[in-house]
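Next up, target06.txt (compact mmCIF, C-alpha atoms):
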# COMPACT_ATOMS: atom_id res chain seq x y z
CA MET Q 1 -4.13 16.64 -47.99
CA THR Q 2 -5.49 13.10 -48.42
CA GLN Q 3 -2.01 11.73 -48.30
CA GLU Q 4 -1.37 13.63 -45.11
CA LEU Q 5 -4.56 12.19 -43.67
CA MET Q 6 -3.56 8.68 -44.65
CA LEU Q 7 -0.16 9.15 -43.07
CA GLU Q 8 -1.88 10.37 -39.92
CA GLN Q 9 -4.18 7.32 -39.95
CA GLU Q 10 -1.27 5.00 -40.38
CA LYS Q 11 0.41 6.61 -37.38
CA VAL Q 12 -2.67 6.03 -35.24
CA VAL Q 13 -3.01 2.40 -36.28
CA LYS Q 14 0.63 1.79 -35.45
CA SER Q 15 0.40 3.61 -32.12
CA PRO Q 16 -0.48 1.73 -28.94
CA TRP Q 17 -4.01 3.15 -29.23
CA GLY Q 18 -4.58 1.45 -32.56
CA GLY Q 19 -3.97 -1.98 -31.09
CA GLY Q 20 -0.68 -2.23 -32.91
CA ARG Q 21 0.86 -3.31 -29.60
CA SER Q 22 -0.58 -3.70 -26.13
CA PRO Q 23 -2.63 -0.75 -24.89
CA PHE Q 24 -0.55 2.17 -23.62
CA GLY Q 25 2.60 0.26 -24.53
CA VAL Q 26 2.26 -1.71 -21.28
CA SER Q 27 2.73 -5.45 -21.65
CA ARG Q 28 -0.17 -7.84 -21.09
CA ASP Q 29 1.05 -9.19 -17.73
CA LYS Q 30 1.75 -5.76 -16.31
CA PHE Q 31 -1.54 -4.34 -17.57
CA THR Q 32 -3.51 -7.21 -16.03
CA MET Q 33 -1.72 -6.77 -12.73
CA TRP Q 34 -2.55 -3.06 -12.70
CA ILE Q 35 -6.22 -3.81 -13.35
CA PHE Q 36 -6.16 -6.35 -10.53
CA ILE Q 37 -4.49 -3.81 -8.24
CA LEU Q 38 -7.16 -1.27 -9.10
CA SER Q 39 -9.96 -3.68 -8.20
CA ASP Q 40 -8.17 -4.68 -5.02
CA ALA Q 41 -7.70 -1.00 -4.18
CA PHE Q 42 -11.45 -0.60 -4.41
CA THR Q 43 -11.99 -3.46 -1.98
CA PHE Q 44 -9.61 -1.91 0.54
CA GLY Q 45 -11.05 1.52 -0.24
CA GLY Q 46 -14.52 0.21 0.56
CA LEU Q 47 -13.32 -1.14 3.91
CA LEU Q 48 -11.49 2.07 4.79
CA ALA Q 49 -14.39 4.29 3.65
CA ALA Q 50 -16.77 2.26 5.81
CA TYR Q 51 -14.32 2.58 8.70
CA GLY Q 52 -14.16 6.35 8.22
CA ALA Q 53 -17.95 6.64 8.23
CA LEU Q 54 -18.11 4.46 11.36
CA ARG Q 55 -15.51 6.59 13.14
CA ALA Q 56 -17.40 9.77 12.27
CA SER Q 57 -20.67 8.29 13.56
CA LEU Q 58 -19.36 7.18 16.96
CA PRO Q 59 -19.13 9.56 19.91
CA SER Q 60 -16.00 7.86 21.27
CA TRP Q 61 -13.23 5.56 20.12
CA PRO Q 62 -10.71 3.64 22.24
CA SER Q 63 -7.36 5.37 22.71
CA ARG Q 64 -4.91 3.86 20.25
CA ILE Q 65 -1.99 5.11 22.33
CA GLU Q 66 -3.12 2.85 25.18
CA ILE Q 67 -4.15 -0.14 23.09
CA PHE Q 68 -1.22 -0.31 20.68
CA SER Q 69 1.43 -0.03 23.37
CA ALA Q 70 2.51 -3.64 23.90
CA PHE Q 71 5.95 -4.82 22.92
CA PRO Q 72 7.33 -8.38 22.90
CA PHE Q 73 9.54 -9.51 25.81
CA THR Q 74 8.66 -6.53 27.99
CA ASN Q 75 5.79 -5.35 30.14
CA ALA Q 76 6.66 -1.70 29.60
CA LYS Q 77 4.13 0.45 27.76
CA LEU Q 78 5.69 1.64 24.52
CA PRO Q 79 2.91 3.42 22.62
CA LEU Q 80 2.88 2.89 18.85
CA LEU Q 81 6.49 1.66 18.81
CA PHE Q 82 5.66 -1.89 17.71
CA VAL Q 83 3.41 -0.85 14.83
CA SER Q 84 6.02 1.71 13.76
CA ILE Q 85 8.56 -1.08 13.52
CA MET Q 86 6.09 -3.11 11.44
CA THR Q 87 5.75 -0.13 9.10
CA PHE Q 88 9.51 0.20 8.90
CA ILE Q 89 9.82 -3.51 7.99
CA LEU Q 90 7.28 -3.12 5.19
CA ILE Q 91 8.95 0.03 3.77
CA CYS Q 92 12.31 -1.78 3.79
CA SER Q 93 10.82 -4.84 2.06
CA SER Q 94 9.40 -2.51 -0.60
CA LEU Q 95 12.89 -1.09 -1.15
CA THR Q 96 14.44 -4.56 -1.50
CA MET Q 97 11.66 -5.52 -3.93
CA ALA Q 98 12.43 -2.44 -6.05
CA LEU Q 99 16.11 -3.41 -5.97
CA ALA Q 100 15.21 -6.96 -7.07
CA VAL Q 101 13.33 -5.57 -10.08
CA ASP Q 102 16.30 -3.30 -10.78
CA ALA Q 103 18.69 -6.28 -10.67
CA GLY Q 104 16.29 -8.10 -13.02
CA LYS Q 105 16.61 -5.31 -15.55
CA ARG Q 106 20.36 -5.88 -15.51
CA MET Q 107 19.75 -9.67 -15.93
CA ASP Q 108 21.62 -10.16 -12.66
CA ARG Q 109 20.16 -13.48 -11.49
CA LYS Q 110 22.08 -13.64 -8.20
CA GLY Q 111 21.08 -10.08 -7.36
CA VAL Q 112 17.43 -10.84 -8.03
CA ILE Q 113 17.50 -13.91 -5.78
CA LYS Q 114 19.31 -12.04 -3.02
CA TYR Q 115 16.85 -9.15 -2.96
CA LEU Q 116 13.83 -11.45 -3.37
CA LEU Q 117 14.95 -13.45 -0.34
CA LEU Q 118 15.37 -10.23 1.65
CA THR Q 119 11.86 -9.18 0.62
CA ILE Q 120 10.42 -12.58 1.60
CA GLY Q 121 12.22 -12.26 4.94
CA GLY Q 122 10.68 -8.83 5.48
CA GLY Q 123 7.23 -10.16 4.62
CA LEU Q 124 7.57 -13.10 7.02
CA LEU Q 125 8.84 -10.79 9.77
CA PHE Q 126 5.84 -8.54 9.23
CA LEU Q 127 3.47 -11.51 9.44
CA MET Q 128 5.14 -12.66 12.67
CA CYS Q 129 4.68 -9.15 14.11
CA GLN Q 130 1.04 -9.19 13.10
CA ALA Q 131 0.53 -12.62 14.63
CA TYR Q 132 2.01 -11.29 17.88
CA GLU Q 133 -0.23 -8.24 17.79
CA TRP Q 134 -3.39 -10.25 17.11
CA GLY Q 135 -2.42 -12.73 19.80
CA HIS Q 136 -1.85 -9.94 22.28
CA LEU Q 137 -5.17 -8.20 21.57
CA ILE Q 138 -7.11 -11.50 21.64
CA HIS Q 139 -5.41 -12.31 24.94
CA GLU Q 140 -6.61 -8.97 26.29
CA GLY Q 141 -10.15 -9.97 25.37
CA ALA Q 142 -10.70 -8.42 21.95
CA ARG Q 143 -13.10 -10.39 19.75
CA LEU Q 144 -14.76 -9.73 16.44
CA THR Q 145 -17.98 -8.66 18.17
CA SER Q 146 -16.78 -7.34 21.50
CA ASN Q 147 -13.77 -5.95 23.33
CA PRO Q 148 -12.92 -4.63 26.78
CA TRP Q 149 -12.51 -1.04 25.56
CA GLY Q 150 -16.21 -0.38 25.11
CA VAL Q 151 -16.62 0.13 21.37
CA PRO Q 152 -17.36 -3.25 19.69
CA LEU Q 153 -16.81 -1.76 16.25
CA PHE Q 154 -13.19 -1.06 17.16
CA SER Q 155 -12.12 -4.69 17.24
CA ALA Q 156 -14.49 -5.60 14.40
CA SER Q 157 -12.86 -3.13 12.03
CA PHE Q 158 -9.40 -3.91 13.42
CA PHE Q 159 -9.62 -7.63 12.71
CA VAL Q 160 -11.32 -7.23 9.34
CA ILE Q 161 -9.00 -4.53 7.96
CA THR Q 162 -5.67 -5.82 9.29
CA GLY Q 163 -6.75 -9.40 8.61
CA PHE Q 164 -7.54 -8.57 5.01
CA HIS Q 165 -4.20 -6.80 4.66
CA GLY Q 166 -2.35 -9.62 6.40
CA SER Q 167 -3.83 -12.20 4.05
CA HIS Q 168 -2.54 -10.06 1.18
CA VAL Q 169 0.94 -10.05 2.71
CA LEU Q 170 0.74 -13.84 3.10
CA SER Q 171 -0.24 -14.35 -0.55
CA GLY Q 172 2.49 -11.86 -1.53
CA VAL Q 173 5.08 -13.91 0.34
CA ILE Q 174 3.86 -17.09 -1.41
CA VAL Q 175 4.03 -15.37 -4.82
CA LEU Q 176 7.55 -14.14 -4.08
CA ILE Q 177 8.68 -17.62 -2.98
CA VAL Q 178 7.35 -19.04 -6.26
CA MET Q 179 9.14 -16.22 -8.10
CA ALA Q 180 12.42 -16.93 -6.29
CA ILE Q 181 12.17 -20.61 -7.28
CA ARG Q 182 11.46 -19.70 -10.90
CA VAL Q 183 14.37 -17.26 -10.97
CA ALA Q 184 16.67 -19.87 -9.44
CA LYS Q 185 15.56 -22.34 -12.13
CA GLY Q 186 16.64 -19.80 -14.73
CA ILE Q 187 13.21 -19.49 -16.34
CA TYR Q 188 13.54 -15.73 -16.81
CA ASP Q 189 17.10 -15.99 -18.12
CA LYS Q 190 15.76 -18.31 -20.83
CA ARG Q 191 12.98 -15.85 -21.64
CA GLY Q 192 15.44 -13.00 -21.78
CA SER Q 193 13.31 -10.84 -19.49
CA TYR Q 194 12.64 -10.61 -15.78
CA GLU Q 195 9.19 -9.13 -16.27
CA GLY Q 196 7.55 -11.72 -14.04
CA VAL Q 197 9.53 -10.39 -11.10
CA GLU Q 198 8.46 -6.86 -11.98
CA VAL Q 199 4.78 -7.85 -12.04
CA ALA Q 200 5.08 -9.65 -8.69
CA GLY Q 201 6.84 -6.51 -7.44
CA LEU Q 202 3.87 -4.36 -8.45
CA TYR Q 203 1.66 -6.47 -6.20
CA TRP Q 204 4.12 -6.28 -3.31
CA HIS Q 205 4.38 -2.48 -3.54
CA PHE Q 206 0.60 -2.29 -3.59
CA VAL Q 207 0.41 -4.22 -0.33
CA ASP Q 208 2.84 -1.69 1.14
CA LEU Q 209 0.74 1.14 -0.29
CA VAL Q 210 -2.38 -0.14 1.46
CA TRP Q 211 -0.49 -0.39 4.75
CA VAL Q 212 0.38 3.32 4.45
CA PHE Q 213 -3.33 4.12 4.76
CA ILE Q 214 -4.11 1.52 7.41
CA PHE Q 215 -1.17 2.75 9.50
CA ALA Q 216 -2.15 6.41 9.20
CA PHE Q 217 -5.89 6.06 9.72
CA PHE Q 218 -6.25 3.05 11.96
CA TYR Q 219 -3.19 3.06 14.19
CA LEU Q 220 -2.23 6.73 14.38
CA LEU Q 221 -5.58 8.53 14.16
CA MET Y 1 26.23 4.57 -20.17
CA SER Y 2 23.66 1.91 -19.35
CA GLU Y 3 25.50 1.18 -16.11
CA THR Y 4 25.27 4.82 -15.00
CA ILE Y 5 21.51 4.84 -15.66
CA HIS Y 6 21.09 1.76 -13.49
CA GLN Y 7 23.26 3.25 -10.78
CA SER Y 8 21.09 6.35 -10.70
CA SER Y 9 17.81 4.37 -10.55
CA LYS Y 10 19.21 2.50 -7.55
CA LYS Y 11 19.98 5.84 -5.97
CA VAL Y 12 16.39 6.97 -6.66
CA TYR Y 13 15.03 3.90 -4.81
CA TRP Y 14 17.18 4.62 -1.79
CA ARG Y 15 16.12 8.28 -1.86
CA VAL Y 16 12.42 7.31 -2.02
CA TRP Y 17 12.94 4.87 0.85
CA PHE Y 18 14.50 7.65 2.91
CA GLN Y 19 11.65 10.04 2.09
CA LEU Y 20 9.06 7.41 3.06
CA LEU Y 21 10.89 6.88 6.34
CA ALA Y 22 11.04 10.62 7.03
CA ILE Y 23 7.30 11.10 6.38
CA THR Y 24 6.52 8.08 8.60
CA ILE Y 25 8.54 9.57 11.47
CA VAL Y 26 6.72 12.90 11.09
CA GLU Y 27 3.41 10.98 11.12
CA ILE Y 28 4.29 9.24 14.37
CA LEU Y 29 5.33 12.56 15.96
CA VAL Y 30 2.06 14.19 14.83
CA ALA Y 31 0.12 11.32 16.46
CA PHE Y 32 1.36 12.50 19.86
CA LEU Y 33 0.59 16.20 19.31
CA PRO Y 34 -2.27 17.65 21.36
CA ILE Y 35 -4.27 18.79 18.32
CA SER Y 36 -7.88 18.18 17.31
CA HIS Y 37 -8.85 14.94 15.61
CA SER Y 38 -10.01 16.63 12.42
CA LEU Y 39 -6.72 18.51 12.00
CA MET Y 40 -4.83 15.28 12.65
CA ALA Y 41 -6.98 13.47 10.07
CA LEU Y 42 -6.22 16.19 7.54
CA LEU Y 43 -2.45 16.01 8.21
CA PHE Y 44 -2.47 12.19 7.96
CA THR Y 45 -4.44 12.33 4.71
CA ILE Y 46 -1.88 14.69 3.19
CA MET Y 47 1.08 12.63 4.40
CA ALA Y 48 -0.46 9.28 3.42
CA LEU Y 49 -1.20 10.58 -0.07
CA MET Y 50 2.40 11.86 -0.33
CA LYS Y 51 3.67 8.39 0.57
CA ALA Y 52 1.21 6.80 -1.87
CA VAL Y 53 2.48 9.03 -4.69
CA LEU Y 54 6.10 8.14 -3.86
CA ILE Y 55 5.42 4.38 -3.80
CA ALA Y 56 3.21 4.30 -6.91
CA GLY Y 57 5.30 6.82 -8.84
CA TYR Y 58 8.78 5.46 -8.23
CA PHE Y 59 8.57 1.92 -6.79
CA MET Y 60 5.71 0.94 -9.11
CA HIS Y 61 7.16 3.00 -11.99
CA LEU Y 62 3.81 4.65 -12.69
CA LYS Y 63 5.51 8.03 -13.21
CA PHE Y 64 7.37 6.60 -16.19
CA GLU Y 65 4.38 5.08 -18.01
CA LYS Y 66 2.42 6.75 -20.80
CA ILE Y 67 0.26 9.65 -19.66
CA GLY Y 68 -2.95 7.91 -20.78
CA PHE Y 69 -2.12 4.91 -18.62
CA ILE Y 70 -1.37 7.12 -15.62
CA TYR Y 71 -4.78 8.76 -15.96
CA SER Y 72 -6.53 5.39 -16.35
CA ILE Y 73 -5.06 4.23 -13.04
CA VAL Y 74 -5.09 7.44 -11.02
CA LEU Y 75 -8.55 8.81 -11.90
CA PRO Y 76 -10.49 5.84 -10.42
CA LEU Y 77 -8.32 6.11 -7.31
CA ILE Y 78 -9.15 9.81 -6.96
CA ILE Y 79 -12.84 8.88 -7.12
CA LEU Y 80 -12.14 6.27 -4.44
CA VAL Y 81 -10.62 8.91 -2.13
CA ALA Y 82 -13.60 11.16 -2.89
CA LEU Y 83 -15.95 8.33 -1.86
CA ALA Y 84 -14.17 7.92 1.46
CA ALA Y 85 -14.27 11.69 2.02
CA ALA Y 86 -17.94 11.89 1.02
CA LEU Y 87 -18.96 9.27 3.60
CA ILE Y 88 -17.48 11.23 6.54
CA PRO Y 89 -20.25 13.90 6.68
CA ASP Y 90 -22.76 11.07 6.41
CA GLY Y 91 -21.19 9.51 9.49
CA SER Y 92 -21.36 12.85 11.31
CA VAL Y 93 -25.10 13.05 10.63
CA ALA Y 94 -25.47 9.52 11.99
CA LEU Y 95 -23.60 10.68 15.10
CA LEU Y 96 -26.05 13.56 15.65
CA MET Y 97 -28.94 11.11 15.28
CA ARG Y 98 -27.32 8.71 17.76
CA LEU Y 99 -26.95 11.53 20.26
CA GLY Y 100 -30.58 12.48 19.76
CA LEU Y 101 -29.70 15.89 18.41
CA GLY Y 102 -32.25 15.67 15.64
CA TYR Y 103 -32.62 14.40 12.12
CA TYR Y 104 -31.20 16.11 9.07
Take the structure I supplied and represent it as structure tokens, if you would.
Amino acid sequence: MTQELMLEQEKVVKSPWGGGRSPFGVSRDKFTMWIFILSDAFTFGGLLAAYGALRASLPSWPSRIEIFSAFPFTNAKLPLLFVSIMTFILICSSLTMALAVDAGKRMDRKGVIKYLLLTIGGGLLFLMCQAYEWGHLIHEGARLTSNPWGVPLFSASFFVITGFHGSHVLSGVIVLIVMAIRVAKGIYDKRGSYEGVEVAGLYWHFVDLVWVFIFAFFYLL
Amino acid sequence: MSETIHQSSKKVYWRVWFQLLAITIVEILVAFLPISHSLMALLFTIMALMKAVLIAGYFMHLKFEKIGFIYSIVLPLIILVALAAALIPDGSVALLMRLGLGYY
């Protein structure tokens, strides 16, 4: 009986719970990134929750089908097409990021660099699209405190929420560029693990995850 | 053996990408349907959460972590969604007050 208990204790001490390794068997870097993502999710969640409460408290809201209908190089009204393309770009960049992590697991340095560059390209393309969209709306007269469509809170929440997301994409692109340089230098080959790429990937997927909610509740609803 | 595992995980990523794309297209189609805003909000919530589960589960590998870790990450996020949902009725009350339809 006592021996059984001691064996059981030993098992617990050696398990991830006992502090034998990192908690939950997740490495330090990954764990920290997840905690950061959680706190960042709460920031975005706060913004979106406030936006939801605002929407519910206003008798009217500008028609998103009319406002989000501009497209570069044409005067035609193409409702929601541009933002759908932005969403498509971000989903694709998430796929290439996942493939970069996958190549890292195979220690395939060239593959990692190729997919990282594709992801960076997707991120930059997304930022360019967002710059166009902001430019277009500002040109039409939208400001942080007022806009021509009658509901000042529309442009306030638009600029704050998409601006906050856009700054996350920008920092993601910078992180990925740093990662690509480190991979090219062979730092992760020397370490024997491409975990750094995986951790950067977690952040990139999170940025995509947030866009899912912004797209659904700000642009489509 | 190891090569086949990697091949299949690549396939999984492509499959998830395709599913995300399919849900997005359905979302865009729903946006043009002549249905009430609350029904639309409900449909978007369901579809956005489906996409979130796909991205977090497969792209972020959360599905393959230890169950305790999954709970540690997902439970706070469920509370977050509950917060957002809980503030909507509050907004509706504010709307009634704005319209002068009384205090609650």
Where does chain Y meet chain Q within 9 Å, residue by residue, with the nearest atom pair and distance in Å to one decimal for each, counting all atoms listed in the file, listed by chain and rising number, as a Markdown table?
| residue | atom | partner | partner_atom | distance |
| --- | --- | --- | --- | --- |
| Y:Glu3 | CA | Q:Arg106 | CA | 8.8 |
| Y:His6 | CA | Q:Asp102 | CA | 7.5 |
| Y:Ser9 | CA | Q:Asp102 | CA | 7.8 |
| Y:Lys10 | CA | Q:Leu99 | CA | 6.9 |
| Y:Tyr13 | CA | Q:Leu95 | CA | 6.5 |
| Y:Trp14 | CA | Q:Leu95 | CA | 7.2 |
| Y:Val16 | CA | Q:Leu95 | CA | 8.5 |
| Y:Trp17 | CA | Q:Leu95 | CA | 6.3 |
| Y:Leu20 | CA | Q:Ile91 | CA | 7.4 |
| Y:Leu21 | CA | Q:Phe88 | CA | 7.3 |
| Y:Thr24 | CA | Q:Ser84 | CA | 8.2 |
| Y:Ile25 | CA | Q:Ser84 | CA | 8.6 |
| Y:Glu27 | CA | Q:Ala216 | CA | 7.4 |
| Y:Ile28 | CA | Q:Leu220 | CA | 7.0 |
| Y:Val30 | CA | Q:Leu220 | CA | 8.6 |
| Y:Ala31 | CA | Q:Leu220 | CA | 5.6 |
| Y:Phe32 | CA | Q:Ile65 | CA | 8.5 |
| Y:His37 | CA | Q:Leu221 | CA | 7.3 |
| Y:Met40 | CA | Q:Leu221 | CA | 7.0 |
| Y:Ala41 | CA | Q:Leu221 | CA | 6.6 |
| Y:Phe44 | CA | Q:Ala216 | CA | 5.9 |
| Y:Thr45 | CA | Q:Ala216 | CA | 7.8 |
| Y:Met47 | CA | Q:Ala216 | CA | 8.5 |
| Y:Ala48 | CA | Q:Phe213 | CA | 6.1 |
| Y:Leu49 | CA | Q:Phe213 | CA | 8.3 |
| Y:Lys51 | CA | Q:Val212 | CA | 7.2 |
| Y:Ala52 | CA | Q:Leu209 | CA | 5.9 |
| Y:Ile55 | CA | Q:Leu209 | CA | 6.7 |
| Y:Ala56 | CA | Q:His205 | CA | 7.7 |
| Y:Tyr58 | CA | Q:Ala98 | CA | 9.0 |
| Y:Phe59 | CA | Q:Ala98 | CA | 5.9 |
| Y:Met60 | CA | Q:Leu202 | CA | 5.6 |
| Y:His61 | CA | Q:Leu202 | CA | 8.8 |
| Y:Glu65 | CA | Q:Val26 | CA | 7.8 |
| Y:Lys66 | CA | Q:Phe24 | CA | 6.1 |
| Y:Ile67 | CA | Q:Phe24 | CA | 8.5 |
| Y:Gly68 | CA | Q:Phe24 | CA | 6.8 |
| Y:Phe69 | CA | Q:Phe24 | CA | 5.9 |
| Y:Ile73 | CA | Q:Leu38 | CA | 7.1 |
| Y:Pro76 | CA | Q:Leu38 | CA | 8.0 |
| Y:Leu77 | CA | Q:Leu38 | CA | 7.7 |
| Y:Leu80 | CA | Q:Gly45 | CA | 6.4 |
| Y:Val81 | CA | Q:Gly45 | CA | 7.6 |
| Y:Leu83 | CA | Q:Ala49 | CA | 7.0 |
| Y:Ala84 | CA | Q:Ala49 | CA | 4.2 |
| Y:Ala85 | CA | Q:Ala49 | CA | 7.6 |
| Y:Ala86 | CA | Q:Ala49 | CA | 8.8 |
| Y:Leu87 | CA | Q:Ala53 | CA | 5.4 |
| Y:Ile88 | CA | Q:Ala53 | CA | 4.9 |
| Y:Pro89 | CA | Q:Ala56 | CA | 7.5 |
| Y:Asp90 | CA | Q:Ala53 | CA | 6.8 |
| Y:Gly91 | CA | Q:Ser57 | CA | 4.3 |
| Y:Ser92 | CA | Q:Ala56 | CA | 5.1 |
| Y:Val93 | CA | Q:Ser57 | CA | 7.1 |
| Y:Ala94 | CA | Q:Ser57 | CA | 5.2 |
| Y:Leu95 | CA | Q:Ser57 | CA | 4.1 |
| Y:Leu96 | CA | Q:Ser57 | CA | 7.8 |
| Y:Met97 | CA | Q:Ser57 | CA | 8.9 |
| Y:Arg98 | CA | Q:Ser57 | CA | 7.9 |
| Y:Leu99 | CA | Q:Pro59 | CA | 8.1 |
Could you name the residues that touch Q:Phe159 at 9 Å or less, counting all atoms listed in the file, but leaving out those on the same chain fewer than 4 positions away, as JSON, numbers by chain? {"Q": [134, 143, 144, 154, 155, 163, 164]}
Atomic distance atom CA of Q:Val183 - atom CA of Q:Asp108, expressed in Å with one decimal: 10.3 Å
Expressed in Å to a single decimal, how great is the separation between atom CA of Q:Gly196 and atom CA of Q:Gly104?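 It comes out at 9.5 Å.
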Enter the distance from atom CA of Q:Asp40 to atom CA of Q:Leu116, in Å, rounded to one decimal.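 Atom-to-atom, atom CA of Q:Asp40 and atom CA of Q:Leu116 are spaced 23.1 Å apart.
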Who sits within 12 Å of Q:Phe73, all atoms listed in the file, same chain under 4 positions skipped, as a short mmCIF file (atom, residue, chain, number, x, y, z; two decimals) with C-alpha atoms, in the frame of the given file:
data_model
loop_
_atom_site.label_atom_id
_atom_site.label_comp_id
_atom_site.auth_asym_id
_atom_site.auth_seq_id
_atom_site.Cartn_x
_atom_site.Cartn_y
_atom_site.Cartn_z
CA LYS Q 77 4.13 0.45 27.76
CA LEU Q 78 5.69 1.64 24.52
CA PHE Q 82 5.66 -1.89 17.71
CA TYR Q 132 2.01 -11.29 17.88
CA HIS Q 136 -1.85 -9.94 22.28
#
So that I can see what lies close to stretch 150-153 of chain Q, please list as a list in words the residues with an atom at most 7 Å from it, counting all atoms listed in the file and leaving out residues fewer than 4 positions away in the same chain.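 The residues that qualify are Trp61, Pro62, Thr145, Ser146 and Ser157 of chain Q.
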